[in-house]
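The file final.cif comes next; it holds mmCIF, C-alpha atoms and all ligand atoms.
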```cif
data_run
loop_
_atom_site.label_atom_id
_atom_site.label_comp_id
_atom_site.auth_asym_id
_atom_site.auth_seq_id
_atom_site.Cartn_x
_atom_site.Cartn_y
_atom_site.Cartn_z
CA MET A 1 74.45 14.44 159.04
CA LEU A 2 75.17 10.71 159.42
CA ALA A 3 74.95 8.43 156.39
CA VAL A 4 75.40 4.66 156.19
CA SER A 5 77.18 3.30 153.16
CA LEU A 6 77.94 -0.11 151.75
CA ASN A 7 81.12 -0.72 149.79
CA ASP A 8 82.49 -4.18 148.97
CA GLY A 9 80.30 -5.70 151.65
CA VAL A 10 81.52 -3.35 154.38
CA VAL A 11 79.02 -1.18 156.27
CA THR A 12 80.41 2.21 157.29
CA VAL A 13 78.84 5.27 158.89
CA ALA A 14 80.24 8.72 158.21
CA GLU A 15 79.34 12.40 158.20
CA ALA A 16 78.01 13.46 154.81
CA PRO A 17 76.57 16.68 153.40
CA ARG A 18 72.80 17.03 153.51
CA PRO A 19 71.50 16.15 150.01
CA SER A 20 70.03 18.94 147.91
CA ARG A 21 66.45 18.59 146.77
CA PRO A 22 65.80 18.30 143.01
CA HIS A 23 62.69 20.05 141.64
CA GLY A 24 59.57 18.00 142.35
CA HIS A 25 61.28 16.14 145.17
CA ALA A 26 60.87 16.35 148.92
CA LEU A 27 63.73 16.51 151.40
CA LEU A 28 62.98 13.90 154.06
CA HIS A 29 64.27 13.52 157.61
CA LEU A 30 64.42 9.88 158.67
CA ARG A 31 62.32 8.76 161.65
CA MET A 32 62.82 5.00 161.31
CA ALA A 33 64.11 2.56 158.69
CA GLY A 34 63.99 -1.22 158.34
CA ILE A 35 66.74 -3.56 157.16
CA CYS A 36 65.38 -5.94 154.53
CA ASN A 37 66.81 -9.11 153.03
CA THR A 38 67.49 -7.09 149.89
CA ASP A 39 69.87 -4.90 151.92
CA LEU A 40 71.70 -8.04 153.07
CA GLU A 41 71.89 -9.19 149.44
CA LEU A 42 73.33 -5.80 148.43
CA GLN A 43 75.93 -6.32 151.17
CA ARG A 44 76.74 -9.76 149.75
CA GLY A 45 77.41 -8.08 146.41
CA TYR A 46 74.54 -9.47 144.33
CA TYR A 47 73.87 -6.24 142.46
CA GLY A 48 77.32 -4.65 142.41
CA PHE A 49 75.89 -2.06 144.79
CA SER A 50 77.91 0.69 146.37
CA GLY A 51 76.41 3.68 148.18
CA VAL A 52 73.67 4.40 150.72
CA PRO A 53 71.23 1.48 151.05
CA GLY A 54 67.77 1.53 152.64
CA HIS A 55 64.29 1.52 151.12
CA GLU A 56 61.94 0.78 154.04
CA PHE A 57 61.36 4.00 155.98
CA VAL A 58 59.12 6.48 157.75
CA ALA A 59 60.24 10.11 157.55
CA ASP A 60 59.17 13.71 158.09
CA VAL A 61 59.00 16.06 155.10
CA VAL A 62 61.41 18.94 155.73
CA GLU A 63 61.17 20.74 152.37
CA ALA A 64 58.91 20.22 149.35
CA ASP A 65 57.41 22.12 146.42
CA THR A 66 53.97 21.29 147.81
CA ALA A 67 53.62 23.38 150.98
CA GLU A 68 51.00 21.05 152.51
CA LEU A 69 53.54 18.21 152.61
CA VAL A 70 56.01 20.06 154.81
CA GLY A 71 56.01 18.75 158.38
CA ARG A 72 53.95 15.67 157.47
CA ARG A 73 54.94 12.10 158.30
CA VAL A 74 55.31 9.98 155.17
CA VAL A 75 56.32 6.65 153.70
CA GLY A 76 57.36 6.35 150.05
CA GLU A 77 57.25 4.18 146.96
CA ILE A 78 60.80 3.09 146.22
CA ASN A 79 60.85 3.18 142.41
CA LEU A 80 61.61 6.52 140.75
CA GLU A 81 59.91 6.12 137.40
CA CYS A 82 60.24 8.22 134.23
CA GLY A 83 56.48 8.81 134.11
CA GLU A 84 56.39 8.76 130.31
CA CYS A 85 57.10 5.28 128.96
CA SER A 86 54.41 2.72 128.17
CA TRP A 87 54.93 0.97 131.54
CA CYS A 88 54.55 4.21 133.48
CA ARG A 89 51.46 5.18 131.45
CA ARG A 90 49.90 1.83 132.44
CA GLY A 91 50.53 2.56 136.12
CA LEU A 92 53.36 0.02 136.18
CA GLY A 93 56.27 2.35 136.85
CA ARG A 94 57.65 -0.44 139.04
CA HIS A 95 58.74 -1.96 135.70
CA CYS A 96 59.84 1.32 134.05
CA PRO A 97 63.07 0.50 132.18
CA HIS A 98 64.39 3.98 133.02
CA ARG A 99 63.69 3.75 136.75
CA THR A 100 66.10 4.14 139.61
CA THR A 101 65.27 2.55 142.96
CA LEU A 102 65.74 4.07 146.40
CA GLY A 103 68.72 2.48 148.10
CA ILE A 104 68.94 -0.33 145.54
CA ALA A 105 69.83 1.07 142.11
CA GLY A 106 70.88 4.56 141.18
CA TRP A 107 69.24 6.53 144.01
CA PRO A 108 70.74 7.10 147.50
CA GLY A 109 68.73 5.25 150.11
CA ALA A 110 67.07 5.93 153.45
CA PHE A 111 69.82 4.79 155.82
CA GLN A 112 70.89 8.39 156.41
CA GLU A 113 69.47 11.31 158.35
CA TYR A 114 68.26 13.17 155.24
CA PHE A 115 67.38 11.88 151.76
CA THR A 116 65.17 12.85 148.83
CA LEU A 117 62.30 11.25 146.89
CA PRO A 118 59.86 12.60 144.29
CA GLU A 119 56.78 14.06 145.96
CA ARG A 120 54.57 11.80 143.86
CA ASN A 121 56.17 8.77 145.55
CA LEU A 122 55.05 9.87 149.02
CA HIS A 123 52.07 8.65 151.02
CA LEU A 124 50.91 10.42 154.20
CA VAL A 125 50.87 8.28 157.33
CA PRO A 126 47.67 8.72 159.36
CA ASP A 127 48.20 9.76 163.01
CA SER A 128 46.65 6.49 164.15
CA VAL A 129 49.47 4.47 162.54
CA SER A 130 52.67 4.22 164.62
CA ASP A 131 56.16 4.57 163.13
CA GLU A 132 56.70 0.90 164.04
CA ASP A 133 53.77 -0.11 161.81
CA ALA A 134 54.38 2.46 159.05
CA VAL A 135 57.96 1.28 158.55
CA PHE A 136 56.43 -1.96 157.21
CA ALA A 137 54.56 -0.15 154.39
CA GLU A 138 56.98 -1.30 151.68
CA PRO A 139 57.07 -5.02 152.58
CA VAL A 140 53.31 -4.98 153.21
CA ALA A 141 52.86 -3.45 149.73
CA ALA A 142 55.04 -6.23 148.32
CA ALA A 143 52.75 -8.78 149.98
CA CYS A 144 49.69 -6.94 148.61
CA GLU A 145 51.14 -7.28 145.09
CA ILE A 146 49.98 -10.91 145.14
CA LEU A 147 46.37 -9.71 145.35
CA ASP A 148 46.95 -7.34 142.41
CA GLN A 149 48.31 -10.15 140.26
CA VAL A 150 46.18 -13.14 141.20
CA GLU A 151 42.48 -13.19 141.90
CA ILE A 152 42.11 -15.30 145.04
CA PRO A 153 38.47 -15.86 146.00
CA LEU A 154 37.77 -14.87 149.61
CA ALA A 155 37.77 -17.79 152.04
CA GLU A 156 39.77 -19.81 149.51
CA PRO A 157 42.58 -21.73 151.25
CA VAL A 158 46.03 -20.35 150.40
CA ALA A 159 49.25 -22.06 151.46
CA VAL A 160 52.22 -19.87 152.34
CA LEU A 161 55.60 -21.62 152.54
CA GLY A 162 58.24 -20.05 154.76
CA ASP A 163 58.11 -18.32 158.16
CA GLY A 164 60.80 -15.70 157.60
CA LYS A 165 59.91 -11.99 157.49
CA LEU A 166 58.47 -12.30 154.00
CA GLY A 167 56.39 -15.42 154.60
CA LEU A 168 54.99 -14.03 157.86
CA LEU A 169 54.00 -10.73 156.23
CA VAL A 170 52.44 -12.50 153.24
CA ALA A 171 50.44 -14.71 155.62
CA LEU A 172 49.31 -11.71 157.70
CA VAL A 173 48.35 -9.66 154.65
CA LEU A 174 46.42 -12.44 152.93
CA ALA A 175 44.63 -13.23 156.20
CA GLY A 176 43.90 -9.50 156.68
CA HIS A 177 42.40 -9.52 153.21
CA GLY A 178 40.07 -12.38 154.16
CA CYS A 179 41.84 -15.42 152.71
CA ARG A 180 42.02 -18.69 154.67
CA VAL A 181 45.79 -18.90 155.12
CA GLU A 182 47.78 -21.99 156.05
CA LEU A 183 51.40 -21.20 156.88
CA PHE A 184 54.14 -23.83 156.68
CA GLY A 185 57.37 -23.18 158.58
CA HIS A 186 60.02 -24.51 160.91
CA HIS A 187 59.95 -22.07 163.85
CA GLU A 188 57.14 -22.38 166.37
CA ALA A 189 57.65 -18.88 167.82
CA LYS A 190 57.53 -17.26 164.39
CA LEU A 191 54.50 -19.20 163.25
CA ALA A 192 52.80 -18.10 166.49
CA LEU A 193 53.07 -14.43 165.42
CA THR A 194 50.34 -15.10 162.87
CA ALA A 195 47.92 -16.64 165.40
CA PRO A 196 46.14 -13.30 166.07
CA ALA A 197 45.32 -13.15 162.35
CA GLY A 198 43.69 -16.58 162.45
CA VAL A 199 46.37 -18.23 160.31
CA ILE A 200 46.44 -22.04 160.46
CA ARG A 201 50.02 -23.05 161.32
CA HIS A 202 51.95 -26.15 160.26
CA LEU A 203 55.25 -26.77 162.07
CA ASN A 204 57.81 -28.95 160.24
CA GLU A 205 55.16 -30.40 157.95
CA GLU A 206 55.00 -30.57 154.22
CA GLY A 207 51.51 -29.94 152.84
CA ALA A 208 49.77 -32.90 151.19
CA PRO A 209 50.40 -33.27 147.45
CA ALA A 210 47.98 -31.36 145.21
CA SER A 211 46.10 -29.89 148.18
CA PHE A 212 45.88 -26.15 147.36
CA ASP A 213 44.77 -24.04 144.37
CA PHE A 214 47.09 -21.23 145.52
CA VAL A 215 50.56 -21.66 147.02
CA VAL A 216 52.88 -18.76 147.84
CA GLU A 217 56.57 -19.66 147.92
CA ALA A 218 58.41 -17.44 150.43
CA THR A 219 61.02 -19.82 151.83
CA GLY A 220 64.01 -18.15 150.21
CA SER A 221 65.31 -21.61 149.39
CA ALA A 222 65.72 -23.44 146.10
CA GLU A 223 63.77 -26.42 147.46
CA GLY A 224 60.74 -24.22 148.26
CA LEU A 225 59.68 -23.98 144.62
CA MET A 226 59.55 -27.76 144.17
CA GLN A 227 57.58 -28.11 147.40
CA ALA A 228 55.17 -25.43 146.19
CA VAL A 229 54.64 -27.20 142.87
CA ARG A 230 54.00 -30.54 144.66
CA MET A 231 51.36 -28.94 146.88
CA THR A 232 49.47 -27.26 144.04
CA ARG A 233 46.33 -28.76 142.52
CA PRO A 234 45.97 -29.16 138.74
CA ARG A 235 45.25 -25.76 137.16
CA GLY A 236 46.44 -24.10 140.39
CA THR A 237 48.81 -21.16 140.82
CA VAL A 238 52.23 -20.92 142.46
CA ILE A 239 53.25 -17.38 143.42
CA LEU A 240 57.03 -16.92 143.72
CA LYS A 241 57.87 -14.31 146.32
CA SER A 242 61.43 -15.14 147.33
CA THR A 243 64.33 -14.16 145.15
CA VAL A 244 66.64 -17.16 145.03
CA HIS A 245 69.92 -16.24 143.40
CA GLY A 246 71.41 -18.62 140.93
CA SER A 247 69.57 -21.33 139.07
CA VAL A 248 66.96 -23.55 140.65
CA ALA A 249 66.61 -27.21 139.70
CA LEU A 250 63.03 -27.58 138.57
CA ASP A 251 61.26 -30.63 137.20
CA ALA A 252 58.99 -29.04 134.61
CA ALA A 253 56.89 -32.17 134.04
CA PRO A 254 54.44 -31.70 136.95
CA ILE A 255 54.01 -28.05 135.96
CA VAL A 256 53.09 -29.05 132.39
CA VAL A 257 51.06 -32.15 133.28
CA ASN A 258 49.08 -30.35 136.00
CA GLU A 259 48.88 -27.10 133.98
CA ILE A 260 50.21 -25.05 136.89
CA THR A 261 50.64 -21.30 136.52
CA LEU A 262 53.86 -19.80 137.94
CA VAL A 263 53.62 -16.11 138.89
CA GLY A 264 56.68 -14.07 139.85
CA SER A 265 55.85 -11.32 142.33
CA ARG A 266 57.95 -8.41 143.62
CA CYS A 267 57.15 -4.82 144.74
CA GLY A 268 53.62 -3.61 145.21
CA ARG A 269 51.50 -0.47 145.41
CA PHE A 270 51.49 1.50 148.64
CA ALA A 271 47.90 2.49 147.83
CA ALA A 272 46.93 -1.11 148.55
CA ALA A 273 49.03 -1.33 151.72
CA MET A 274 48.06 1.92 153.47
CA PRO A 275 44.38 1.03 154.09
CA LEU A 276 45.46 -2.27 155.71
CA LEU A 277 47.89 -0.40 157.98
CA SER A 278 45.31 2.32 158.78
CA ALA A 279 42.71 -0.27 159.67
CA HIS A 280 45.25 -2.08 161.88
CA ALA A 281 44.25 -5.17 159.90
CA ILE A 282 47.73 -6.67 160.15
CA PRO A 283 49.01 -7.58 163.62
CA LEU A 284 52.66 -6.51 163.23
CA ALA A 285 53.56 -6.75 166.92
CA GLY A 286 56.44 -9.14 167.36
CA MET A 287 57.86 -8.56 163.87
CA VAL A 288 60.69 -6.35 165.22
CA SER A 289 63.77 -8.13 166.57
CA ALA A 290 65.99 -5.13 167.41
CA ARG A 291 66.57 -1.39 167.07
CA TYR A 292 69.91 0.35 166.53
CA PRO A 293 70.96 3.95 166.04
CA LEU A 294 72.27 4.75 162.54
CA ALA A 295 75.73 5.12 164.06
CA GLN A 296 75.67 1.37 164.88
CA ALA A 297 74.50 0.30 161.43
CA ALA A 298 77.33 -2.24 161.08
CA HIS A 299 76.08 -4.07 164.20
CA ALA A 300 72.52 -3.77 162.95
CA PHE A 301 73.44 -5.44 159.64
CA GLU A 302 75.26 -8.22 161.50
CA HIS A 303 72.24 -8.78 163.71
CA ALA A 304 69.84 -8.76 160.73
CA ALA A 305 71.94 -11.43 159.00
CA ARG A 306 71.77 -13.83 161.96
CA ARG A 307 69.47 -16.78 161.41
CA GLY A 308 66.04 -16.39 162.91
CA THR A 309 66.14 -12.60 163.10
CA LEU A 310 63.02 -10.71 162.04
CA LYS A 311 63.00 -6.97 161.32
CA VAL A 312 65.94 -4.89 162.54
CA LEU A 313 65.22 -1.15 162.68
CA LEU A 314 67.58 1.80 162.33
CA LEU A 315 66.87 5.13 164.03
CA PRO A 316 68.62 8.46 163.50
ZN ZN B 401 62.67 -4.51 151.27
ZN ZN B 402 58.83 4.88 132.61
#
```
When written as structure tokens, how does the structure in this file appear?
Amino acid sequence: MLAVSLNDGVVTVAEAPRPSRPHGHALLHLRMAGICNTDLELQRGYYGFSGVPGHEFVADVVEADTAELVGRRVVGEINLECGECSWCRRGLGRHCPHRTTLGIAGWPGAFQEYFTLPERNLHLVPDSVSDEDAVFAEPVAAACEILDQVEIPLAEPVAVLGDGKLGLLVALVLAGHGCRVELFGHHEAKLALTAPAGVIRHLNEEGAPASFDFVVEATGSAEGLMQAVRMTRPRGTVILKSTVHGSVALDAAPIVVNEITLVGSRCGRFAAAMPLLSAHAIPLAGMVSARYPLAQAAHAFEHAARRGTLKVLLLP
């Protein structure tokens, strides 16, 4: 079978043996995978990663302990938790200190024809949901995490900063949930993708100072956080979605004076994402920029890294 691997920033594709399935795990055959910014960061060497990347996928179950799973189309939670520590017992295995993470840390990823995941990580994909939509389950779950962490009253205006993949998905998910979303970005065509969801779009505009109770920072830039703080009302909340590597210059005074809450936000629960996908509540059309076969993964990574590119998909 073909497997993509990343070593010292170089993407290679080679024949590899089909992985064997540990007890309690399913053997999965890839249908479609998505390249995420995290994969590009792994390529840039941020986490000292070497191995098979890939954590956004749709696959068919080939073998499993649970007979009913075999032959089913699934997506999967990416954190392999211990199941026993205090975090896991609280349902927060995403923070389990003993976890490995599919295609990111300690567990071979989905950019290969066959891979394995614990059965308990899997979620069935309803027939009504296409592979093209299901492959977004992981980033949609990450957007849903905001709603798990912060109680945003329905119809409450929420500002989302950034019209990259992450910002667009956050805007679509919050709008699908019923929030009044205002999206701030610099690319008219990308902002337009959120029009079907009723998102109010602001092109090349900074929001007025202290104009929102909730601001989601998804720009991926160091400046985004300061902009978010400026736009937040006293006692408001800034939700940090983008991982900016290195230190960020931050004037703490407005945060203290205006008693602003900063909330870091990362992976989310698929259980929250699947109903949105099943209900077709998130218009994902237009989010895919290109598709490549696994064999051309190096080109796919190059394409994904180009400015302005949205989701690049890999197919076996
Ligand atoms: Zn991702
Ligand atoms: Zn644990």
Given 12 Å and only C-alpha atoms and all ligand atoms, residues near ligand ZN 402 (chain B) as a PyMOL selection string: chain A and resi 79-100
Atomic distance atom CA of Ser242 of chain A - atom CA of Thr101 of chain A, expressed in Å with one decimal: 18.6 Å
Among the residues A:Phe214, A:Phe111, A:Tyr292, A:Phe57, the one that comes closest to Leu240 of chain A [using all atoms listed in the file]: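 Of A:Phe214, A:Phe111, A:Tyr292, A:Phe57, the one nearest Leu240 of chain A, counting all atoms listed in the file, is A:Phe214.
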Point-to-point distance in Å for atom CA of Val70 of chain A and atom CA of Glu113 of chain A: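 A separation of 16.4 Å between them.
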Neighbourhood of ligand ZN 401 (chain B) at 8 Å, counting all atoms listed in the file, reported as a list of chain:residue names: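 For ligand ZN 401 (chain B), the residues inside 8 Å are A:Gly34, A:Ile35, A:Cys36, A:Asn37, A:Thr38, A:Asp39, A:His55, A:Glu56, A:Glu138, A:Pro139.
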Residues from last step as file, C-alpha atoms, as an mmCIF file, in the coordinates of the input:
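Ended up saving to result36.cif:
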```cif
data_model
loop_
_atom_site.group_PDB
_atom_site.id
_atom_site.type_symbol
_atom_site.label_atom_id
_atom_site.label_comp_id
_atom_site.auth_asym_id
_atom_site.auth_seq_id
_atom_site.Cartn_x
_atom_site.Cartn_y
_atom_site.Cartn_z
ATOM 1 C CA GLY A 34 63.990 -1.220 158.340
ATOM 2 C CA ILE A 35 66.740 -3.560 157.160
ATOM 3 C CA CYS A 36 65.380 -5.940 154.530
ATOM 4 C CA ASN A 37 66.810 -9.110 153.030
ATOM 5 C CA THR A 38 67.490 -7.090 149.890
ATOM 6 C CA ASP A 39 69.870 -4.900 151.920
ATOM 7 C CA HIS A 55 64.290 1.520 151.120
ATOM 8 C CA GLU A 56 61.940 0.780 154.040
ATOM 9 C CA GLU A 138 56.980 -1.300 151.680
ATOM 10 C CA PRO A 139 57.070 -5.020 152.580
#
```
Which of A:Gly308, A:Gly103, A:Pro118, A:Pro283 sits closest to Ala195 of chain A [using all atoms listed in the file]: A:Pro283
Among the residues A:Ala14, A:Met226, A:Met1, A:Leu284, the one that comes closest to Leu250 of chain A [using all atoms listed in the file]: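 With all atoms listed in the file as the atom set, the closest residue is A:Met226.
With atom CA of Thr116 of chain A on one side and atom CA of Val140 of chain A on the other, the separation reads 21.9 Å.
Around Asp163 of chain A, within 10 Å and counting only C-alpha atoms, the residues found are Val160, Leu166, Gly167, Leu168, Leu169, Val170, Ala171, Leu183, Phe184, Gly185, His186, His187, Glu188, Ala189, Lys190, Leu191, Ala192, Leu193, Thr194, Arg201, Leu203, Ala218, Thr219, Gly220, Gly308 and Leu310 of chain A, once anything fewer than 3 positions away on its own chain is removed.
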Protein, DNA and RNA residues within 12 Å of (41.4, -8.0, 159.5), only C-alpha atoms, as a ChimeraX atom specification: /A:171-180,194,196-199,275-284
Counting all atoms listed in the file, the option among A:Gly268, A:Pro293, A:Gly162, A:Pro209 closest to Met32 of chain A: A:Pro293
Residue nearest Tyr47 of chain A - candidates A:Ala208, A:Val125, A:Ala142, A:Ile104, atoms counted: all atoms listed in the file: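 Of the candidates, the smallest distance to Tyr47 of chain A is held by A:Ile104.
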Shortest interatomic distance to Leu6 of chain A - which of A:Ala67, A:Leu124, A:Val52, A:Val62, counting only C-alpha atoms: A:Val52
Tell me, as an mmCIF file with C-alpha atoms, in the frame of the given file, which residues lie within 8 Å of Phe270 of chain A, counting only C-alpha atoms; anything in the same chain fewer than 3 positions away does not count.
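The resulting file, result-v5.cif, is reproduced below:
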```
data_model
loop_
_atom_site.group_PDB
_atom_site.id
_atom_site.type_symbol
_atom_site.label_atom_id
_atom_site.label_comp_id
_atom_site.auth_asym_id
_atom_site.auth_seq_id
_atom_site.Cartn_x
_atom_site.Cartn_y
_atom_site.Cartn_z
ATOM 1 C CA GLY A 76 57.360 6.350 150.050
ATOM 2 C CA GLU A 77 57.250 4.180 146.960
ATOM 3 C CA HIS A 123 52.070 8.650 151.020
ATOM 4 C CA ALA A 137 54.560 -0.150 154.390
ATOM 5 C CA GLU A 138 56.980 -1.300 151.680
ATOM 6 C CA ALA A 141 52.860 -3.450 149.730
ATOM 7 C CA ALA A 273 49.030 -1.330 151.720
ATOM 8 C CA MET A 274 48.060 1.920 153.470
#
```
Do you know which residues lie at most 10 Å from (75.0, 10.1, 152.6), with coordinates as in the file and only C-alpha atoms counted, and could you write them as an mmCIF file with C-alpha atoms, in the coordinates of the input?
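And here is the file that came out, result_30.cif:
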```
data_model
loop_
_atom_site.group_PDB
_atom_site.id
_atom_site.type_symbol
_atom_site.label_atom_id
_atom_site.label_comp_id
_atom_site.auth_asym_id
_atom_site.auth_seq_id
_atom_site.Cartn_x
_atom_site.Cartn_y
_atom_site.Cartn_z
ATOM 1 C CA MET A 1 74.450 14.440 159.040
ATOM 2 C CA LEU A 2 75.170 10.710 159.420
ATOM 3 C CA ALA A 3 74.950 8.430 156.390
ATOM 4 C CA VAL A 4 75.400 4.660 156.190
ATOM 5 C CA SER A 5 77.180 3.300 153.160
ATOM 6 C CA VAL A 13 78.840 5.270 158.890
ATOM 7 C CA ALA A 14 80.240 8.720 158.210
ATOM 8 C CA GLU A 15 79.340 12.400 158.200
ATOM 9 C CA ALA A 16 78.010 13.460 154.810
ATOM 10 C CA PRO A 17 76.570 16.680 153.400
ATOM 11 C CA ARG A 18 72.800 17.030 153.510
ATOM 12 C CA PRO A 19 71.500 16.150 150.010
ATOM 13 C CA GLY A 51 76.410 3.680 148.180
ATOM 14 C CA VAL A 52 73.670 4.400 150.720
ATOM 15 C CA PRO A 53 71.230 1.480 151.050
ATOM 16 C CA PRO A 108 70.740 7.100 147.500
ATOM 17 C CA GLY A 109 68.730 5.250 150.110
ATOM 18 C CA ALA A 110 67.070 5.930 153.450
ATOM 19 C CA PHE A 111 69.820 4.790 155.820
ATOM 20 C CA GLN A 112 70.890 8.390 156.410
ATOM 21 C CA GLU A 113 69.470 11.310 158.350
ATOM 22 C CA TYR A 114 68.260 13.170 155.240
ATOM 23 C CA PHE A 115 67.380 11.880 151.760
#
```
N, CA and C atoms modelled onto segment 189-209 of chain A, as a short mmCIF file (atom, residue, chain, number, x, y, z; two decimals), in the coordinates of the input:
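Once written, rebuild.cif looks like this:
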```cif
data_model
loop_
_atom_site.label_atom_id
_atom_site.label_comp_id
_atom_site.auth_asym_id
_atom_site.auth_seq_id
_atom_site.Cartn_x
_atom_site.Cartn_y
_atom_site.Cartn_z
N ALA A 189 57.88 -20.24 167.32
CA ALA A 189 57.65 -18.88 167.82
C ALA A 189 57.26 -17.93 166.69
N LYS A 190 57.86 -18.13 165.52
CA LYS A 190 57.53 -17.26 164.39
C LYS A 190 56.15 -17.55 163.86
N LEU A 191 55.84 -18.83 163.71
CA LEU A 191 54.50 -19.20 163.25
C LEU A 191 53.45 -18.59 164.17
N ALA A 192 53.77 -18.58 165.49
CA ALA A 192 52.80 -18.10 166.49
C ALA A 192 52.44 -16.63 166.28
N LEU A 193 53.35 -15.85 165.64
CA LEU A 193 53.07 -14.43 165.42
C LEU A 193 51.84 -14.22 164.53
N THR A 194 51.48 -15.26 163.77
CA THR A 194 50.34 -15.10 162.87
C THR A 194 49.04 -15.60 163.50
N ALA A 195 49.14 -16.12 164.74
CA ALA A 195 47.92 -16.64 165.40
C ALA A 195 46.83 -15.57 165.54
N PRO A 196 47.20 -14.31 165.93
CA PRO A 196 46.14 -13.30 166.07
C PRO A 196 45.38 -13.04 164.77
N ALA A 197 45.98 -13.37 163.64
CA ALA A 197 45.32 -13.15 162.35
C ALA A 197 44.50 -14.37 161.92
N GLY A 198 44.49 -15.40 162.77
CA GLY A 198 43.69 -16.58 162.45
C GLY A 198 44.34 -17.51 161.43
N VAL A 199 45.66 -17.38 161.27
CA VAL A 199 46.37 -18.23 160.31
C VAL A 199 46.51 -19.65 160.88
N ILE A 200 46.27 -20.63 160.04
CA ILE A 200 46.44 -22.04 160.46
C ILE A 200 47.92 -22.37 160.28
N ARG A 201 48.56 -22.87 161.35
CA ARG A 201 50.02 -23.05 161.32
C ARG A 201 50.40 -24.52 161.22
N HIS A 202 51.43 -24.79 160.40
CA HIS A 202 51.95 -26.15 160.26
C HIS A 202 53.44 -26.12 160.56
N LEU A 203 53.84 -26.77 161.66
CA LEU A 203 55.25 -26.77 162.07
C LEU A 203 55.92 -28.03 161.51
N ASN A 204 57.03 -27.82 160.77
CA ASN A 204 57.81 -28.95 160.24
C ASN A 204 56.97 -29.98 159.49
N GLU A 205 56.01 -29.50 158.73
CA GLU A 205 55.16 -30.40 157.95
C GLU A 205 55.22 -29.96 156.51
N GLU A 206 55.18 -30.92 155.63
CA GLU A 206 55.00 -30.57 154.22
C GLU A 206 53.52 -30.76 153.91
N GLY A 207 52.93 -29.83 153.18
CA GLY A 207 51.51 -29.94 152.84
C GLY A 207 51.28 -31.15 151.96
N ALA A 208 50.09 -31.72 152.01
CA ALA A 208 49.77 -32.90 151.19
C ALA A 208 49.89 -32.54 149.71
N PRO A 209 50.28 -33.55 148.88
CA PRO A 209 50.40 -33.27 147.45
C PRO A 209 49.07 -32.80 146.88
#
```
